file protein_24.csv (CSV, C-alpha atoms)
chain,number,residue,atom,x,y,z
A,1,MET,CA,-1.0,-22.4,-18.3
A,2,ALA,CA,2.6,-21.7,-17.3
A,3,THR,CA,3.3,-20.5,-20.8
A,4,THR,CA,0.6,-17.9,-20.6
A,5,GLU,CA,1.9,-16.5,-17.4
A,6,ARG,CA,5.5,-16.5,-18.6
A,7,GLN,CA,4.5,-14.5,-21.7
A,8,GLY,CA,2.8,-11.9,-19.5
A,9,GLU,CA,5.9,-11.6,-17.3
A,10,ASP,CA,8.2,-11.2,-20.3
A,11,GLY,CA,6.1,-8.6,-22.0
A,12,GLY,CA,3.8,-10.7,-24.1
A,13,GLU,CA,0.5,-9.6,-25.6
A,14,ARG,CA,0.0,-6.6,-23.3
A,15,GLY,CA,3.5,-6.3,-21.9
A,16,ARG,CA,2.2,-6.8,-18.3
A,17,PRO,CA,2.7,-9.5,-15.7
A,18,THR,CA,-0.2,-11.9,-15.5
A,19,ARG,CA,-1.1,-10.8,-11.9
A,20,GLU,CA,-1.3,-7.2,-13.2
A,21,ARG,CA,-3.6,-8.2,-16.1
A,22,VAL,CA,-5.9,-10.1,-13.7
A,23,TYR,CA,-5.9,-7.2,-11.3
A,24,LEU,CA,-6.9,-4.7,-14.0
A,25,TYR,CA,-9.5,-7.0,-15.4
A,26,VAL,CA,-11.2,-7.6,-12.0
A,27,ARG,CA,-10.9,-3.9,-11.1
A,28,GLU,CA,-12.6,-2.8,-14.3
A,29,GLN,CA,-15.4,-5.4,-13.9
A,30,ILE,CA,-16.1,-4.1,-10.4
A,31,LEU,CA,-16.0,-0.4,-11.5
A,32,ARG,CA,-18.3,-1.1,-14.4
A,33,GLY,CA,-20.7,-2.9,-12.1
A,34,HIS,CA,-20.4,-6.3,-13.8
A,35,PHE,CA,-19.2,-7.7,-10.4
A,36,ALA,CA,-21.8,-6.2,-8.2
A,37,GLY,CA,-21.3,-5.1,-4.6
A,38,GLY,CA,-22.0,-8.0,-2.2
A,39,SER,CA,-21.4,-10.6,-4.8
A,40,PHE,CA,-18.6,-13.2,-4.7
A,41,ILE,CA,-15.8,-13.7,-7.2
A,42,GLU,CA,-14.7,-17.4,-7.4
A,43,GLU,CA,-11.0,-17.8,-7.7
A,44,GLU,CA,-11.2,-21.1,-9.7
A,45,ALA,CA,-13.9,-19.7,-12.1
A,46,LEU,CA,-11.8,-16.6,-12.7
A,47,SER,CA,-8.6,-18.4,-13.4
A,48,SER,CA,-10.4,-20.7,-15.8
A,49,ALA,CA,-12.1,-17.8,-17.6
A,50,LEU,CA,-8.8,-15.9,-18.0
A,51,GLY,CA,-6.7,-19.0,-18.8
A,52,VAL,CA,-4.2,-18.4,-16.0
A,53,SER,CA,-3.2,-20.3,-12.9
A,54,ARG,CA,-4.7,-19.5,-9.5
A,55,THR,CA,-1.5,-17.9,-8.2
A,56,PRO,CA,-1.8,-14.6,-10.1
A,57,VAL,CA,-5.5,-14.5,-9.3
A,58,ARG,CA,-4.7,-14.9,-5.6
A,59,GLU,CA,-2.1,-12.1,-5.9
A,60,ALA,CA,-4.5,-9.8,-7.7
A,61,PHE,CA,-7.1,-10.5,-5.0
A,62,HIS,CA,-4.7,-9.4,-2.2
A,63,ARG,CA,-4.0,-6.2,-4.0
A,64,LEU,CA,-7.7,-5.5,-4.6
A,65,GLU,CA,-8.4,-6.2,-0.9
A,66,ALA,CA,-5.7,-3.7,0.1
A,67,GLU,CA,-7.4,-1.1,-2.2
A,68,ARG,CA,-10.7,-2.0,-0.6
A,69,PHE,CA,-12.4,-3.3,-3.8
A,70,ILE,CA,-13.0,-6.6,-2.2
A,71,ASP,CA,-13.0,-8.4,1.2
A,72,LEU,CA,-11.3,-11.8,1.5
A,73,LEU,CA,-13.5,-13.9,3.8
A,74,PRO,CA,-12.1,-17.2,5.2
A,75,ARG,CA,-13.7,-20.2,3.5
A,76,ARG,CA,-16.0,-18.0,1.5
A,77,GLY,CA,-13.7,-16.2,-1.0
A,78,ALA,CA,-13.6,-12.7,-2.4
A,79,MET,CA,-16.7,-10.6,-1.8
A,80,VAL,CA,-17.0,-7.3,-3.7
A,81,ARG,CA,-17.3,-4.4,-1.3
A,82,GLN,CA,-20.3,-2.1,-1.5
A,83,VAL,CA,-19.7,1.7,-1.4
A,84,THR,CA,-21.5,3.0,1.7
A,85,VAL,CA,-22.8,6.4,2.6
A,86,GLN,CA,-20.1,6.9,5.2
A,87,GLU,CA,-17.3,6.0,2.8
A,88,LEU,CA,-18.6,8.5,0.3
A,89,LEU,CA,-18.8,11.3,2.9
A,90,ASN,CA,-15.3,10.5,4.2
A,91,LEU,CA,-13.8,10.4,0.7
A,92,TYR,CA,-15.4,13.8,-0.2
A,93,GLU,CA,-14.1,15.3,3.0
A,94,ALA,CA,-10.5,14.0,2.3
A,95,ARG,CA,-10.7,15.3,-1.2
A,96,ARG,CA,-11.9,18.7,-0.1
A,97,MET,CA,-8.9,19.0,2.2
A,98,ILE,CA,-6.3,18.0,-0.3
A,99,GLU,CA,-7.7,19.7,-3.4
A,100,GLY,CA,-8.5,22.8,-1.4
A,101,HIS,CA,-4.9,23.0,-0.3
A,102,ALA,CA,-3.8,22.6,-3.9
A,103,ILE,CA,-6.2,25.4,-5.1
A,104,THR,CA,-4.9,27.7,-2.4
A,105,ARG,CA,-1.3,27.2,-3.3
A,106,ILE,CA,-1.9,27.5,-7.1
A,107,CYS,CA,-3.8,30.8,-6.7
A,108,ARG,CA,-1.7,32.4,-4.0
A,109,GLU,CA,1.7,31.5,-5.5
A,110,GLU,CA,0.4,32.0,-9.0
A,111,ILE,CA,1.6,28.5,-10.1
A,112,ALA,CA,1.1,27.8,-13.8
A,113,VAL,CA,-1.9,25.6,-14.4
A,114,PRO,CA,-0.8,22.5,-16.4
A,115,ALA,CA,-2.0,22.5,-20.0
A,116,LYS,CA,-2.8,18.8,-19.4
A,117,MET,CA,-5.9,19.7,-17.4
A,118,ALA,CA,-7.5,21.3,-20.5
A,119,GLU,CA,-6.4,18.4,-22.7
A,120,ILE,CA,-8.1,16.0,-20.3
A,121,LEU,CA,-11.4,18.0,-20.3
A,122,ASP,CA,-11.3,18.0,-24.1
A,123,ALA,CA,-10.9,14.2,-24.0
A,124,ILE,CA,-13.8,13.8,-21.6
A,125,GLU,CA,-16.1,15.8,-23.8
A,126,ARG,CA,-15.3,13.6,-26.8
A,127,LEU,CA,-16.4,10.5,-24.9
A,128,PRO,CA,-19.8,8.9,-25.5
A,129,ARG,CA,-22.2,10.0,-22.7
A,130,ASP,CA,-22.7,6.5,-21.6
A,131,ASP,CA,-19.0,5.7,-21.2
A,132,TYR,CA,-19.1,6.2,-17.4
A,133,PHE,CA,-15.9,4.2,-16.9
A,134,GLY,CA,-14.0,6.5,-19.3
A,135,HIS,CA,-15.5,9.6,-17.6
A,136,VAL,CA,-14.4,8.4,-14.2
A,137,GLU,CA,-10.9,7.5,-15.3
A,138,LEU,CA,-10.3,10.9,-16.9
A,139,ASP,CA,-12.0,12.8,-14.1
A,140,ARG,CA,-9.6,11.3,-11.5
A,141,ARG,CA,-6.7,12.2,-13.8
A,142,PHE,CA,-7.9,15.8,-14.1
A,143,HIS,CA,-8.0,16.3,-10.3
A,144,PHE,CA,-4.7,14.5,-9.8
A,145,VAL,CA,-2.9,16.7,-12.3
A,146,MET,CA,-4.2,19.7,-10.4
A,147,VAL,CA,-2.9,18.4,-7.1
A,148,ALA,CA,0.5,17.4,-8.6
A,149,ALA,CA,0.9,21.0,-10.0
A,150,VAL,CA,2.0,22.2,-6.5
A,151,GLY,CA,5.1,20.0,-6.6
A,152,ASN,CA,4.5,18.3,-3.3
A,153,VAL,CA,5.4,14.7,-3.9
A,154,VAL,CA,4.1,13.4,-0.6
A,155,LEU,CA,0.8,15.2,-1.1
A,156,SER,CA,0.5,13.7,-4.6
A,157,GLU,CA,1.2,10.2,-3.3
A,158,LEU,CA,-1.4,10.7,-0.6
A,159,TYR,CA,-4.0,11.8,-3.1
A,160,GLN,CA,-3.0,9.0,-5.4
A,161,SER,CA,-3.7,6.5,-2.6
A,162,LEU,CA,-7.4,7.6,-2.7
A,163,GLY,CA,-7.6,6.6,-6.3
A,164,ALA,CA,-9.3,3.2,-5.9
A,165,ARG,CA,-12.0,4.6,-3.5
A,166,GLN,CA,-12.4,7.7,-5.6
A,167,GLN,CA,-13.1,5.6,-8.7
A,168,ARG,CA,-15.6,3.3,-6.9
A,169,VAL,CA,-17.5,6.2,-5.4
A,170,ALA,CA,-17.5,8.2,-8.6
A,171,MET,CA,-18.6,5.2,-10.6
A,172,THR,CA,-21.4,4.4,-8.1
A,173,ALA,CA,-22.5,8.0,-8.1
A,174,ILE,CA,-22.6,8.5,-11.9
A,175,SER,CA,-24.3,5.1,-12.5
A,176,THR,CA,-26.9,6.1,-9.9
A,177,GLU,CA,-27.5,9.5,-11.5
A,178,PRO,CA,-26.2,9.6,-15.1
A,179,SER,CA,-27.4,13.1,-15.7
A,180,ARG,CA,-24.6,14.4,-13.4
A,181,THR,CA,-22.0,14.1,-16.2
A,182,ALA,CA,-23.1,17.3,-17.9
A,183,ARG,CA,-23.0,19.2,-14.7
A,184,ILE,CA,-19.6,17.7,-13.7
A,185,ASN,CA,-18.1,18.7,-17.0
A,186,ARG,CA,-19.4,22.3,-16.6
A,187,GLU,CA,-17.9,22.5,-13.1
A,188,HIS,CA,-14.6,21.2,-14.4
A,189,ARG,CA,-14.5,24.0,-16.9
A,190,ASP,CA,-15.4,26.6,-14.3
A,191,LEU,CA,-12.7,25.3,-11.9
A,192,LEU,CA,-10.1,25.4,-14.7
A,193,ALA,CA,-11.1,29.0,-15.6
A,194,ALA,CA,-10.9,30.1,-12.0
A,195,LEU,CA,-7.4,28.5,-11.5
A,196,GLU,CA,-6.1,30.1,-14.7
A,197,ALA,CA,-7.2,33.5,-13.4
A,198,TRP,CA,-5.7,32.6,-9.9
A,199,ASN,CA,-9.1,33.4,-8.4
A,200,GLU,CA,-8.9,31.5,-5.2
A,201,ALA,CA,-12.4,32.4,-3.9
A,202,GLU,CA,-14.1,31.3,-7.2
A,203,ALA,CA,-12.1,28.1,-7.5
A,204,MET,CA,-12.9,27.1,-3.9
A,205,ALA,CA,-16.6,27.8,-4.4
A,206,VAL,CA,-16.6,25.6,-7.5
A,207,MET,CA,-14.7,22.9,-5.7
A,208,GLU,CA,-17.1,22.9,-2.8
A,209,GLN,CA,-20.1,22.6,-5.2
A,210,HIS,CA,-18.3,19.9,-7.1
A,211,LEU,CA,-17.5,17.7,-4.1
A,212,ARG,CA,-20.8,18.1,-2.2
A,213,PRO,CA,-22.6,14.8,-1.5
A,214,ILE,CA,-25.7,14.5,-3.7
A,215,THR,CA,-28.9,13.5,-1.7
A,216,GLY,CA,-30.2,11.4,-4.6
A,217,VAL,CA,-27.0,9.4,-4.7
A,218,ILE,CA,-26.7,9.0,-0.9
A,219,SER,CA,-30.3,7.8,-0.6
A,220,ARG,CA,-29.5,4.8,-2.8
A,221,LEU,CA,-26.3,3.7,-1.0
A,222,PRO,CA,-26.2,1.2,1.9
A,223,ARG,CA,-25.4,2.5,5.4
A,224,ASP,CA,-22.4,1.2,7.4
A,225,GLU,CA,-23.2,-1.4,9.9
call {"tool": "encode", "arguments": {"input": "protein_24.csv", "output": "structure tokens"}}
result
Amino acid sequence: MATTERQGEDGGERGRPTRERVYLYVREQILRGHFAGGSFIEEEALSSALGVSRTPVREAFHRLEAERFIDLLPRRGAMVRQVTVQELLNLYEARRMIEGHAITRICREEIAVPAKMAEILDAIERLPRDDYFGHVELDRRFHFVMVAAVGNVVLSELYQSLGARQQRVAMTAISTEPSRTARINREHRDLLAALEAWNEAEAMAVMEQHLRPITGVISRLPRDE
């Protein structure tokens, strides 16, 4: 057991510390829906399944709790949080504020649009339609690159801090309504075209459409207590 952890710390199989590998594994299982909202993840069972001690599992749990993937309940363990209607609405509002500011600066100051944005869209379109996890990961990266283009490190860090919630909400939305992927991809292309033309009005219109809450998704999410 100790050997497994030491290899992780020293850059073994995946070159990551054990706690990082446990964190990434649990995070992905939650995003993919394999650990469903409202269910419990047992620390002992997870450590046995991954062949690690309970210490890195506990460390991963604390990080996942800080990122609001799980709630650690006394004497009950780690419960996977459910994405609620209010969380979705709040996240979209925060994203509209940050991304709207980035769009305004890019267009008004004629900031060069990173070539990476087009590369990411090409990568998204090469993914299988049912690879929702891959879509969500690349989608988040696309929007982050746009925000980072304005060169405001504090703003980029603030946007990055939304990453965990952004991924959970996006994964929930796309799993609830898979047909959205085609529309999302078209909106990405329209947004990129507007940015490259420094057309603020068009880019803002696309962004507002892109980040509007979908009734069909909201109706299937739990309400906050």
call {"tool": "axis_aligned_box", "arguments": {"input": "protein_24.csv", "around": "segment 182-186 of chain A", "padding_each_side": "8 Å", "output": "AutoDock Vina command-line options"}}
result
--center_x -20.6 --center_y 19.8 --center_z -15.8 --size_x 21.0 --size_y 21.0 --size_z 20.2
call {"tool": "atom_distance", "arguments": {"input": "protein_24.csv", "atom1": "atom CA of Ala115 of chain A", "atom2": "atom CA of Met97 of chain A"}}
result
23.5 Å
call {"tool": "residues_around", "arguments": {"input": "protein_24.csv", "residues": "Cys107 of chain A", "least_positions_apart": "5", "cutoff": "10 Å", "atoms": "only C-alpha atoms", "output": "list in words"}}
result
Ala102, Ala112, Val113, Ala194, Leu195, Glu196, Ala197, Trp198, Asn199, Glu200, Ala201 and Ala203 of chain A
call {"tool": "write_last_selection", "arguments": {"input": "protein_24.csv", "atoms": "C-alpha atoms", "output": "compact mmCIF listing (two decimals), in the frame of the given file"}}
result
# COMPACT_ATOMS: atom_id res chain seq x y z
CA ALA A 102 -3.80 22.60 -3.90
CA ALA A 112 1.10 27.80 -13.80
CA VAL A 113 -1.90 25.60 -14.40
CA ALA A 194 -10.90 30.10 -12.00
CA LEU A 195 -7.40 28.50 -11.50
CA GLU A 196 -6.10 30.10 -14.70
CA ALA A 197 -7.20 33.50 -13.40
CA TRP A 198 -5.70 32.60 -9.90
CA ASN A 199 -9.10 33.40 -8.40
CA GLU A 200 -8.90 31.50 -5.20
CA ALA A 201 -12.40 32.40 -3.90
CA ALA A 203 -12.10 28.10 -7.50
call {"tool": "closest_residue", "arguments": {"input": "protein_24.csv", "among": "A:Pro213, A:Pro128, A:Gly151, A:Pro114", "to": "Ala170 of chain A", "atoms": "only C-alpha atoms"}}
result
A:Pro213
call {"tool": "residues_around", "arguments": {"input": "protein_24.csv", "residues": "segment 22-25 of chain A", "least_positions_apart": "5", "cutoff": "12 Å", "atoms": "only C-alpha atoms", "output": "ChimeraX atom specification"}}
result
/A:5,8,14,16-17,30-32,34-35,43,46-67,69-70,164
call {"tool": "atom_distance", "arguments": {"input": "protein_24.csv", "atom1": "atom CA of Leu162 of chain A", "atom2": "atom CA of Ala182 of chain A"}}
result
23.9 Å
call {"tool": "closest_residue", "arguments": {"input": "protein_24.csv", "among": "A:Leu138, A:Ala118, A:Val153, A:Leu192", "to": "Met207 of chain A", "atoms": "only C-alpha atoms"}}
result
A:Leu192
call {"tool": "atom_distance", "arguments": {"input": "protein_24.csv", "atom1": "atom CA of Ile41 of chain A", "atom2": "atom CA of Tyr132 of chain A"}}
result
22.6 Å
call {"tool": "residues_around", "arguments": {"input": "protein_24.csv", "residues": "Gly163 of chain A", "least_positions_apart": "6", "cutoff": "10 Å", "atoms": "all atoms listed in the file", "output": "VMD selection string"}}
result
chain A and resid 67 137 140 to 141 144 157 169
call {"tool": "residues_around", "arguments": {"input": "protein_24.csv", "residues": "Tyr92 of chain A", "least_positions_apart": "6", "cutoff": "10 Å", "atoms": "all atoms listed in the file", "output": "PDB file with C-alpha atoms, in the frame of the given file"}}
result
ATOM      1  CA  GLN A  86     -20.100   6.900   5.200  1.00  0.00           C
ATOM      2  CA  GLN A 166     -12.400   7.700  -5.600  1.00  0.00           C
ATOM      3  CA  VAL A 169     -17.500   6.200  -5.400  1.00  0.00           C
ATOM      4  CA  GLU A 208     -17.100  22.900  -2.800  1.00  0.00           C
ATOM      5  CA  HIS A 210     -18.300  19.900  -7.100  1.00  0.00           C
ATOM      6  CA  LEU A 211     -17.500  17.700  -4.100  1.00  0.00           C
ATOM      7  CA  ARG A 212     -20.800  18.100  -2.200  1.00  0.00           C
ATOM      8  CA  PRO A 213     -22.600  14.800  -1.500  1.00  0.00           C
TER       9      PRO A 213
END
call {"tool": "residues_near_point", "arguments": {"input": "protein_24.csv", "point": "(-18.7, 19.3, -10.0)", "cutoff": "8 Å", "atoms": "only C-alpha atoms", "output": "MDAnalysis selection string"}}
result
chainID A and resid 183:188 206:207 209:211
call {"tool": "closest_residue", "arguments": {"input": "protein_24.csv", "among": "A:Val154, A:Ala94, A:Val85, A:Ala78", "to": "Glu44 of chain A", "atoms": "only C-alpha atoms"}}
result
A:Ala78
call {"tool": "decode", "arguments": {"input": "protein_24.csv", "residues": "segment 127-152 of chain A", "atoms": "C-alpha atoms", "output": "mmCIF file, in the first residue's frame"}}
result
data_model
loop_
_atom_site.group_PDB
_atom_site.id
_atom_site.type_symbol
_atom_site.label_atom_id
_atom_site.label_comp_id
_atom_site.auth_asym_id
_atom_site.auth_seq_id
_atom_site.Cartn_x
_atom_site.Cartn_y
_atom_site.Cartn_z
ATOM 1 C CA LEU A 127 -15.352 13.760 -30.554
ATOM 2 C CA PRO A 128 -18.003 11.039 -30.658
ATOM 3 C CA ARG A 129 -21.430 12.558 -30.075
ATOM 4 C CA ASP A 130 -21.935 10.550 -26.901
ATOM 5 C CA ASP A 131 -18.616 11.616 -25.335
ATOM 6 C CA TYR A 132 -20.311 14.148 -23.068
ATOM 7 C CA PHE A 133 -17.346 14.248 -20.683
ATOM 8 C CA GLY A 134 -14.973 15.184 -23.505
ATOM 9 C CA HIS A 135 -17.388 17.842 -24.776
ATOM 10 C CA VAL A 136 -17.687 19.423 -21.351
ATOM 11 C CA GLU A 137 -13.922 19.437 -20.726
ATOM 12 C CA LEU A 138 -13.162 21.102 -24.068
ATOM 13 C CA ASP A 139 -16.128 23.464 -23.784
ATOM 14 C CA ARG A 140 -14.797 24.804 -20.487
ATOM 15 C CA ARG A 141 -11.326 25.211 -21.993
ATOM 16 C CA PHE A 142 -12.731 27.142 -24.977
ATOM 17 C CA HIS A 143 -14.421 29.702 -22.746
ATOM 18 C CA PHE A 144 -11.439 29.946 -20.419
ATOM 19 C CA VAL A 145 -9.084 30.726 -23.324
ATOM 20 C CA MET A 146 -11.425 33.550 -24.354
ATOM 21 C CA VAL A 147 -11.434 35.032 -20.859
ATOM 22 C CA ALA A 148 -7.661 34.646 -20.530
ATOM 23 C CA ALA A 149 -7.149 36.531 -23.818
ATOM 24 C CA VAL A 150 -7.756 39.884 -22.122
ATOM 25 C CA GLY A 151 -4.660 39.384 -19.958
ATOM 26 C CA ASN A 152 -6.294 39.981 -16.574
#
